[in-house]
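With PDB, C-alpha atoms inside, this is structure.pdb:
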```
ATOM      1  CA  MET A   1     -81.001 -40.211 -15.846  1.00  0.00           C
ATOM      2  CA  VAL A   2     -77.340 -39.990 -14.821  1.00  0.00           C
ATOM      3  CA  ILE A   3     -75.394 -42.902 -13.445  1.00  0.00           C
ATOM      4  CA  ASN A   4     -72.335 -41.472 -11.637  1.00  0.00           C
ATOM      5  CA  PRO A   5     -70.267 -44.000  -9.689  1.00  0.00           C
ATOM      6  CA  VAL A   6     -67.271 -41.615  -9.278  1.00  0.00           C
ATOM      7  CA  ASN A   7     -65.655 -41.574  -5.812  1.00  0.00           C
ATOM      8  CA  VAL A   8     -63.115 -38.759  -5.682  1.00  0.00           C
ATOM      9  CA  ASP A   9     -61.483 -40.268  -2.584  1.00  0.00           C
ATOM     10  CA  VAL A  10     -60.666 -43.533  -4.338  1.00  0.00           C
ATOM     11  CA  VAL A  11     -58.126 -43.711  -7.136  1.00  0.00           C
ATOM     12  CA  GLY A  12     -59.540 -45.383 -10.230  1.00  0.00           C
ATOM     13  CA  VAL A  13     -61.265 -45.050 -13.613  1.00  0.00           C
ATOM     14  CA  TYR A  14     -65.018 -44.431 -13.559  1.00  0.00           C
ATOM     15  CA  THR A  15     -67.668 -44.361 -16.322  1.00  0.00           C
ATOM     16  CA  ILE A  16     -70.552 -41.914 -16.082  1.00  0.00           C
ATOM     17  CA  THR A  17     -73.667 -42.760 -18.147  1.00  0.00           C
ATOM     18  CA  TYR A  18     -76.199 -40.177 -19.367  1.00  0.00           C
ATOM     19  CA  ASN A  19     -79.746 -41.293 -20.493  1.00  0.00           C
ATOM     20  CA  VAL A  20     -82.364 -38.719 -21.414  1.00  0.00           C
ATOM     21  CA  THR A  21     -86.131 -39.373 -22.234  1.00  0.00           C
ATOM     22  CA  ASP A  22     -88.580 -36.698 -23.334  1.00  0.00           C
ATOM     23  CA  SER A  23     -92.213 -36.362 -22.222  1.00  0.00           C
ATOM     24  CA  GLU A  24     -93.391 -38.611 -25.058  1.00  0.00           C
ATOM     25  CA  GLY A  25     -91.156 -41.428 -23.898  1.00  0.00           C
ATOM     26  CA  ASN A  26     -88.592 -41.009 -26.654  1.00  0.00           C
ATOM     27  CA  ALA A  27     -85.100 -41.895 -25.410  1.00  0.00           C
ATOM     28  CA  ALA A  28     -82.024 -39.998 -26.583  1.00  0.00           C
ATOM     29  CA  THR A  29     -78.831 -41.721 -27.512  1.00  0.00           C
ATOM     30  CA  GLU A  30     -76.974 -42.866 -24.444  1.00  0.00           C
ATOM     31  CA  VAL A  31     -73.779 -40.898 -23.705  1.00  0.00           C
ATOM     32  CA  THR A  32     -70.874 -42.044 -21.508  1.00  0.00           C
ATOM     33  CA  ARG A  33     -67.903 -40.198 -20.076  1.00  0.00           C
ATOM     34  CA  THR A  34     -64.809 -41.654 -18.482  1.00  0.00           C
ATOM     35  CA  VAL A  35     -63.397 -40.033 -15.357  1.00  0.00           C
ATOM     36  CA  THR A  36     -59.978 -40.897 -13.882  1.00  0.00           C
ATOM     37  CA  VAL A  37     -59.253 -40.193 -10.214  1.00  0.00           C
ATOM     38  CA  GLU A  38     -55.489 -39.911  -9.476  1.00  0.00           C
ATOM     39  CA  GLU A  39     -53.341 -39.492  -6.406  1.00  0.00           C
ATOM     40  CA  PRO A  40     -52.983 -35.797  -5.424  1.00  0.00           C
ATOM     41  CA  PRO A  41     -49.526 -34.362  -6.290  1.00  0.00           C
ATOM     42  CA  ALA A  42     -46.849 -34.186  -3.586  1.00  0.00           C
ATOM     43  CA  GLU A  43     -46.364 -30.823  -1.909  1.00  0.00           C
ATOM     44  CA  GLY A  44     -44.727 -28.415  -4.316  1.00  0.00           C
ATOM     45  CA  GLU A  45     -45.197 -30.802  -7.248  1.00  0.00           C
ATOM     46  CA  GLY A  46     -46.817 -29.173 -10.163  1.00  0.00           C
ATOM     47  CA  GLU A  47     -46.346 -25.676  -8.750  1.00  0.00           C
ATOM     48  CA  PRO A  48     -44.927 -23.045 -11.060  1.00  0.00           C
ATOM     49  CA  PRO A  49     -41.106 -22.941 -10.837  1.00  0.00           C
ATOM     50  CA  ILE A  50     -39.431 -20.228  -8.813  1.00  0.00           C
ATOM     51  CA  GLU A  51     -37.831 -17.595 -11.005  1.00  0.00           C
ATOM     52  CA  GLY A  52     -34.412 -18.759 -12.092  1.00  0.00           C
ATOM     53  CA  GLU A  53     -35.008 -22.307 -10.798  1.00  0.00           C
ATOM     54  CA  GLY A  54     -34.157 -24.928 -13.365  1.00  0.00           C
ATOM     55  CA  GLU A  55     -32.512 -22.376 -15.634  1.00  0.00           C
ATOM     56  CA  PRO A  56     -28.991 -23.131 -16.882  1.00  0.00           C
ATOM     57  CA  PRO A  57     -26.349 -21.670 -14.520  1.00  0.00           C
ATOM     58  CA  ILE A  58     -24.546 -18.475 -15.466  1.00  0.00           C
ATOM     59  CA  GLU A  59     -20.997 -19.142 -16.643  1.00  0.00           C
ATOM     60  CA  GLY A  60     -18.728 -19.447 -13.648  1.00  0.00           C
ATOM     61  CA  GLU A  61     -21.659 -19.554 -11.193  1.00  0.00           C
ATOM     62  CA  GLY A  62     -21.404 -22.370  -8.706  1.00  0.00           C
ATOM     63  CA  GLU A  63     -17.846 -23.204  -9.726  1.00  0.00           C
ATOM     64  CA  PRO A  64     -15.215 -23.477  -6.959  1.00  0.00           C
ATOM     65  CA  PRO A  65     -13.415 -20.136  -6.445  1.00  0.00           C
ATOM     66  CA  VAL A  66      -9.972 -19.711  -7.917  1.00  0.00           C
ATOM     67  CA  GLU A  67      -7.277 -19.787  -5.213  1.00  0.00           C
ATOM     68  CA  GLY A  68      -6.926 -16.312  -3.769  1.00  0.00           C
ATOM     69  CA  GLU A  69     -10.047 -15.037  -5.543  1.00  0.00           C
ATOM     70  CA  GLY A  70     -12.308 -13.072  -3.267  1.00  0.00           C
ATOM     71  CA  GLU A  71      -9.693 -12.840  -0.539  1.00  0.00           C
ATOM     72  CA  PRO A  72      -8.821  -9.378   0.813  1.00  0.00           C
ATOM     73  CA  PRO A  73      -5.816  -7.921  -1.029  1.00  0.00           C
ATOM     74  CA  ILE A  74      -2.456  -7.851   0.694  1.00  0.00           C
ATOM     75  CA  GLU A  75      -1.623  -4.378   1.936  1.00  0.00           C
ATOM     76  CA  GLY A  76      -0.009  -2.411  -0.866  1.00  0.00           C
ATOM     77  CA  GLU A  77      -0.848  -5.085  -3.480  1.00  0.00           C
ATOM     78  CA  GLY A  78      -2.446  -3.663  -6.569  1.00  0.00           C
ATOM     79  CA  GLU A  79      -1.976  -0.094  -5.406  1.00  0.00           C
ATOM     80  CA  PRO A  80      -0.539   2.377  -7.896  1.00  0.00           C
ATOM     81  CA  PRO A  81       3.209   2.858  -7.421  1.00  0.00           C
ATOM     82  CA  VAL A  82       4.411   5.890  -5.532  1.00  0.00           C
ATOM     83  CA  GLU A  83       5.650   8.535  -7.921  1.00  0.00           C
ATOM     84  CA  GLY A  84       9.309   7.936  -8.621  1.00  0.00           C
ATOM     85  CA  GLU A  85       9.302   4.531  -6.918  1.00  0.00           C
ATOM     86  CA  GLY A  86      11.047   1.863  -8.970  1.00  0.00           C
ATOM     87  CA  GLU A  87      12.329   4.412 -11.438  1.00  0.00           C
ATOM     88  CA  PRO A  88      16.080   4.605 -12.087  1.00  0.00           C
ATOM     89  CA  GLN A  89      17.672   7.100  -9.723  1.00  0.00           C
ATOM     90  CA  GLY A  90      20.322   8.310 -12.168  1.00  0.00           C
ATOM     91  CA  LEU A  91      23.963   8.973 -11.487  1.00  0.00           C
ATOM     92  CA  THR A  92      24.922   9.372  -7.826  1.00  0.00           C
ATOM     93  CA  VAL A  93      28.347  10.167  -6.352  1.00  0.00           C
ATOM     94  CA  THR A  94      29.096   9.566  -2.667  1.00  0.00           C
ATOM     95  CA  ALA A  95      32.211   9.588  -0.500  1.00  0.00           C
ATOM     96  CA  ASP A  96      33.287   8.738   3.022  1.00  0.00           C
ATOM     97  CA  PRO A  97      35.257  10.223   4.676  1.00  0.00           C
ATOM     98  CA  THR A  98      35.201  13.783   3.390  1.00  0.00           C
ATOM     99  CA  GLN A  99      36.998  15.530   6.279  1.00  0.00           C
ATOM    100  CA  PHE A 100      40.796  15.257   6.504  1.00  0.00           C
ATOM    101  CA  THR A 101      43.222  16.752   9.019  1.00  0.00           C
ATOM    102  CA  VAL A 102      46.895  16.126   8.204  1.00  0.00           C
ATOM    103  CA  PRO A 103      50.222  17.726   9.142  1.00  0.00           C
ATOM    104  CA  VAL A 104      52.461  19.533   6.678  1.00  0.00           C
ATOM    105  CA  GLY A 105      54.446  17.066   4.522  1.00  0.00           C
ATOM    106  CA  ALA A 106      51.911  14.247   4.869  1.00  0.00           C
ATOM    107  CA  SER A 107      49.503  12.927   2.206  1.00  0.00           C
ATOM    108  CA  ALA A 108      45.712  12.676   1.828  1.00  0.00           C
ATOM    109  CA  THR A 109      43.603  10.558  -0.533  1.00  0.00           C
ATOM    110  CA  PHE A 110      40.118  11.522  -1.701  1.00  0.00           C
ATOM    111  CA  GLU A 111      37.956   8.758  -3.211  1.00  0.00           C
ATOM    112  CA  VAL A 112      34.442   8.784  -4.712  1.00  0.00           C
ATOM    113  CA  VAL A 113      31.909   5.960  -5.146  1.00  0.00           C
ATOM    114  CA  VAL A 114      29.569   6.100  -8.162  1.00  0.00           C
ATOM    115  CA  SER A 115      26.187   4.345  -8.397  1.00  0.00           C
ATOM    116  CA  GLY A 116      23.551   4.254 -11.151  1.00  0.00           C
ATOM    117  CA  ALA A 117      26.127   4.381 -13.936  1.00  0.00           C
ATOM    118  CA  GLN A 118      25.292   2.899 -17.343  1.00  0.00           C
ATOM    119  CA  GLY A 119      28.136   4.005 -19.590  1.00  0.00           C
ATOM    120  CA  VAL A 120      31.799   4.878 -19.460  1.00  0.00           C
ATOM    121  CA  LEU A 121      32.634   7.263 -16.628  1.00  0.00           C
ATOM    122  CA  SER A 122      35.029  10.198 -16.759  1.00  0.00           C
ATOM    123  CA  TYR A 123      36.330  12.078 -13.709  1.00  0.00           C
ATOM    124  CA  GLN A 124      37.668  15.572 -13.128  1.00  0.00           C
ATOM    125  CA  TRP A 125      38.819  16.952  -9.775  1.00  0.00           C
ATOM    126  CA  TYR A 126      38.540  20.618  -8.861  1.00  0.00           C
ATOM    127  CA  ARG A 127      39.937  22.921  -6.191  1.00  0.00           C
ATOM    128  CA  VAL A 128      37.184  25.142  -4.721  1.00  0.00           C
ATOM    129  CA  THR A 129      38.412  28.655  -3.940  1.00  0.00           C
ATOM    130  CA  PRO A 130      37.126  30.815  -1.052  1.00  0.00           C
ATOM    131  CA  ASP A 131      35.120  32.690  -3.721  1.00  0.00           C
ATOM    132  CA  ASP A 132      33.392  29.397  -4.630  1.00  0.00           C
ATOM    133  CA  GLU A 133      35.177  29.185  -7.980  1.00  0.00           C
ATOM    134  CA  TYR A 134      36.111  25.792  -9.370  1.00  0.00           C
ATOM    135  CA  VAL A 135      39.708  25.467 -10.572  1.00  0.00           C
ATOM    136  CA  ILE A 136      40.609  22.374 -12.623  1.00  0.00           C
ATOM    137  CA  ILE A 137      43.391  20.249 -11.146  1.00  0.00           C
ATOM    138  CA  PRO A 138      45.549  19.015 -14.077  1.00  0.00           C
ATOM    139  CA  ASP A 139      45.825  15.219 -14.542  1.00  0.00           C
ATOM    140  CA  ALA A 140      43.316  14.568 -11.716  1.00  0.00           C
ATOM    141  CA  THR A 141      41.014  12.414 -13.861  1.00  0.00           C
ATOM    142  CA  ASP A 142      40.403   9.314 -11.778  1.00  0.00           C
ATOM    143  CA  GLY A 143      37.960   8.275  -9.066  1.00  0.00           C
ATOM    144  CA  VAL A 144      40.814   8.630  -6.569  1.00  0.00           C
ATOM    145  CA  TYR A 145      42.853  11.792  -6.047  1.00  0.00           C
ATOM    146  CA  THR A 146      45.932  11.832  -3.786  1.00  0.00           C
ATOM    147  CA  LEU A 147      47.794  14.860  -2.462  1.00  0.00           C
ATOM    148  CA  THR A 148      51.406  14.213  -1.386  1.00  0.00           C
ATOM    149  CA  ASP A 149      53.922  16.332   0.499  1.00  0.00           C
ATOM    150  CA  ILE A 150      51.094  18.584   1.656  1.00  0.00           C
ATOM    151  CA  ALA A 151      51.847  22.255   2.276  1.00  0.00           C
ATOM    152  CA  LEU A 152      49.834  24.969   4.031  1.00  0.00           C
ATOM    153  CA  GLU A 153      48.452  26.273   0.726  1.00  0.00           C
ATOM    154  CA  ASP A 154      46.880  22.848  -0.029  1.00  0.00           C
ATOM    155  CA  ALA A 155      44.307  23.348   2.723  1.00  0.00           C
ATOM    156  CA  GLY A 156      40.755  24.016   1.542  1.00  0.00           C
ATOM    157  CA  GLU A 157      37.912  22.299  -0.334  1.00  0.00           C
ATOM    158  CA  TYR A 158      37.912  19.855  -3.251  1.00  0.00           C
ATOM    159  CA  ARG A 159      35.207  18.254  -5.409  1.00  0.00           C
ATOM    160  CA  CYS A 160      35.019  15.654  -8.176  1.00  0.00           C
ATOM    161  CA  GLU A 161      32.830  15.880 -11.290  1.00  0.00           C
ATOM    162  CA  VAL A 162      31.667  12.545 -12.806  1.00  0.00           C
ATOM    163  CA  TYR A 163      30.189  12.177 -16.321  1.00  0.00           C
ATOM    164  CA  ASP A 164      28.334   9.135 -17.760  1.00  0.00           C
ATOM    165  CA  THR A 165      28.513   8.741 -21.569  1.00  0.00           C
ATOM    166  CA  VAL A 166      25.253   6.744 -21.866  1.00  0.00           C
ATOM    167  CA  LEU A 167      23.133   8.783 -19.476  1.00  0.00           C
ATOM    168  CA  ASP A 168      24.767  11.972 -20.791  1.00  0.00           C
ATOM    169  CA  GLU A 169      24.578  13.094 -17.198  1.00  0.00           C
ATOM    170  CA  THR A 170      26.955  14.805 -14.789  1.00  0.00           C
ATOM    171  CA  ALA A 171      27.011  14.362 -11.012  1.00  0.00           C
ATOM    172  CA  TRP A 172      29.134  15.993  -8.325  1.00  0.00           C
ATOM    173  CA  SER A 173      30.773  14.480  -5.290  1.00  0.00           C
ATOM    174  CA  PRO A 174      30.348  15.833  -1.777  1.00  0.00           C
ATOM    175  CA  VAL A 175      32.847  18.509  -0.730  1.00  0.00           C
ATOM    176  CA  PHE A 176      36.166  17.211   0.583  1.00  0.00           C
ATOM    177  CA  THR A 177      37.696  19.456   3.240  1.00  0.00           C
ATOM    178  CA  LEU A 178      41.449  19.388   3.940  1.00  0.00           C
ATOM    179  CA  VAL A 179      42.741  20.929   7.171  1.00  0.00           C
ATOM    180  CA  ILE A 180      46.463  21.281   7.857  1.00  0.00           C
ATOM    181  CA  GLY A 181      48.058  20.584  11.226  1.00  0.00           C
ATOM    182  CA  THR A 182      46.076  20.204  14.446  1.00  0.00           C
ATOM    183  CA  GLY A 183      42.648  20.993  13.058  1.00  0.00           C
ATOM    184  CA  VAL A 184      43.127  24.722  12.480  1.00  0.00           C
ATOM    185  CA  PRO A 185      42.102  25.622   8.876  1.00  0.00           C
ATOM    186  CA  VAL A 186      44.621  27.336   6.681  1.00  0.00           C
ATOM    187  CA  GLY A 187      43.078  30.746   7.448  1.00  0.00           C
ATOM    188  CA  GLY A 188      43.640  30.104  11.130  1.00  0.00           C
ATOM    189  CA  MET A 189      47.184  28.920  10.479  1.00  0.00           C
ATOM    190  CA  LEU A 190      47.978  32.096   8.560  1.00  0.00           C
ATOM    191  CA  GLY A 191      46.404  34.118  11.348  1.00  0.00           C
ATOM    192  CA  LEU A 192      48.602  32.394  13.921  1.00  0.00           C
ATOM    193  CA  ALA A 193      51.664  32.954  11.754  1.00  0.00           C
ATOM    194  CA  LEU A 194      50.794  36.630  11.379  1.00  0.00           C
ATOM    195  CA  ALA A 195      50.222  36.926  15.131  1.00  0.00           C
ATOM    196  CA  SER A 196      53.643  35.359  15.757  1.00  0.00           C
ATOM    197  CA  VAL A 197      55.294  37.842  13.411  1.00  0.00           C
ATOM    198  CA  LEU A 198      53.575  40.787  15.079  1.00  0.00           C
ATOM    199  CA  THR A 199      54.570  39.496  18.510  1.00  0.00           C
ATOM    200  CA  ALA A 200      58.178  39.185  17.412  1.00  0.00           C
ATOM    201  CA  LEU A 201      58.171  42.711  16.011  1.00  0.00           C
ATOM    202  CA  ALA A 202      56.652  44.071  19.214  1.00  0.00           C
ATOM    203  CA  GLY A 203      59.340  42.290  21.249  1.00  0.00           C
ATOM    204  CA  ALA A 204      62.067  43.818  19.091  1.00  0.00           C
ATOM    205  CA  SER A 205      60.553  47.262  19.552  1.00  0.00           C
ATOM    206  CA  VAL A 206      60.499  46.848  23.306  1.00  0.00           C
ATOM    207  CA  LEU A 207      64.131  45.773  23.319  1.00  0.00           C
ATOM    208  CA  ARG A 208      65.105  48.861  21.341  1.00  0.00           C
ATOM    209  CA  LYS A 209      63.388  51.088  23.846  1.00  0.00           C
ATOM    210  CA  LYS A 210      65.309  49.527  26.728  1.00  0.00           C
ATOM    211  CA  LYS A 211      68.608  50.334  25.084  1.00  0.00           C
TER     212      LYS A 211
END
```
Could you write out this file's structure as structure tokens?
Amino acid sequence: MVINPVNVDVVGVYTITYNVTDSEGNAATEVTRTVTVEEPPAEGEGEPPIEGEGEPPIEGEGEPPVEGEGEPPIEGEGEPPVEGEGEPQGLTVTADPTQFTVPVGASATFEVVVSGAQGVLSYQWYRVTPDDEYVIIPDATDGVYTLTDIALEDAGEYRCEVYDTVLDETAWSPVFTLVIGTGVPVGGMLGLALASVLTALAGASVLRKKK
């Protein structure tokens, strides 16, 4: 015989009793079992955890982002530098003006500006011949070179050579051009002079014929 008062719809502790008797009327030892009926778990309670849920966070995960982190980079930021950009440019010689037109007997001053220098600078001025040969001008060893009492033969081209002792580097100035008179180069002046002489000779010849 089994006495089972358990009601699964009612929370509580129940005792179930088991009594067994054989056909001869011999009773077995009575056995009892205790059954506890509990409230059903709330939804999701007792379910296996979702993968990763309840695990310790990965380092840095969930922390507030560092200022600027994750933002799109500013244009050009972090890009490799353009070749040659930011590198020292070396010795550079510039000048302005480089074209001079002066009358005979006047003066002209050539001046250079040097950038990128690191050591002591030395200067040497040259006269450039029509054959593109460079002739040293004695005692012209400064950044400024002045011609005084200019004559027709001073017309032509000039350049300055600059040397840096630290860079062990030489740089040249732009070409300075000197024109005598009203803008006619010395070649033109000589041509006009020659034309004048020929005209005078022709005039003298004509006069002789008239006599």
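Checking A:Thr92, A:Thr109, A:Thr141, A:Thr129 one by one against Glu157 (chain A), counting only C-alpha atoms, you find the shortest gap at A:Thr129.
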Exercise: Ser173 (chain A) partners within 10 Å, all atoms listed in the file, chain neighbours under 2 positions left out, as a compact mmCIF listing (two decimals) with C-alpha atoms, in the frame of the given file:
```txt
# COMPACT_ATOMS: atom_id res chain seq x y z
CA THR A 92 24.92 9.37 -7.83
CA VAL A 93 28.35 10.17 -6.35
CA THR A 94 29.10 9.57 -2.67
CA ALA A 95 32.21 9.59 -0.50
CA THR A 98 35.20 13.78 3.39
CA GLU A 111 37.96 8.76 -3.21
CA VAL A 112 34.44 8.78 -4.71
CA VAL A 113 31.91 5.96 -5.15
CA VAL A 114 29.57 6.10 -8.16
CA TRP A 125 38.82 16.95 -9.78
CA TYR A 158 37.91 19.86 -3.25
CA ARG A 159 35.21 18.25 -5.41
CA CYS A 160 35.02 15.65 -8.18
CA GLU A 161 32.83 15.88 -11.29
CA VAL A 162 31.67 12.54 -12.81
CA ALA A 171 27.01 14.36 -11.01
CA VAL A 175 32.85 18.51 -0.73
CA PHE A 176 36.17 17.21 0.58
```
Selected residue, from A:Val144, A:Gln89, A:Ala151, A:Ile74, that lies nearest to Ser107 (chain A) when counting all atoms listed in the file: A:Ala151
I want to know what sits within 6 Å of Ile16 (chain A), based on all atoms listed in the file, with residues of the same chain fewer than 3 positions away left out; could you give that as a list of chain:residue names?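 Final neighbour list, sorted by chain and number: A:Ile3, A:Asn4, A:Thr32, A:Arg33.
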Residue members of the PyMOL selection byres ((chain A and resi 155) around 6) in the file shown, as a VMD selection string: chain A and resid 152 to 154 156 178 to 180 186
Between A:Asp139, A:Gly119, A:Gly181, A:Asp168, which one has atoms that come closest to Thr101 (chain A), using all atoms listed in the file?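 Result for the nearest residue to Thr101 (chain A): A:Gly181.
Among the candidates A:Val8, A:Ala28, A:Leu91, A:Val102, the residue lying nearest to Tyr163 (chain A) is A:Leu91 (atoms considered: only C-alpha atoms).
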Considering all atoms listed in the file, can you say which of A:Glu38, A:Ala117, A:Tyr123, A:Ala140 comes closest to Asn7 (chain A)? A:Glu38
Just say which residues the PyMOL selection byres ((chain A and resi 104) around 6) picks in this file, as a VMD selection string. chain A and resid 103 105 to 106 150 to 151
Keeping only C-alpha atoms, write those residues as a short mmCIF file (atom, residue, chain, number, x, y, z; two decimals), keeping the file's coordinate frame.
```
data_model
loop_
_atom_site.label_atom_id
_atom_site.label_comp_id
_atom_site.auth_asym_id
_atom_site.auth_seq_id
_atom_site.Cartn_x
_atom_site.Cartn_y
_atom_site.Cartn_z
CA PRO A 103 50.22 17.73 9.14
CA GLY A 105 54.45 17.07 4.52
CA ALA A 106 51.91 14.25 4.87
CA ILE A 150 51.09 18.58 1.66
CA ALA A 151 51.85 22.26 2.28
#
```
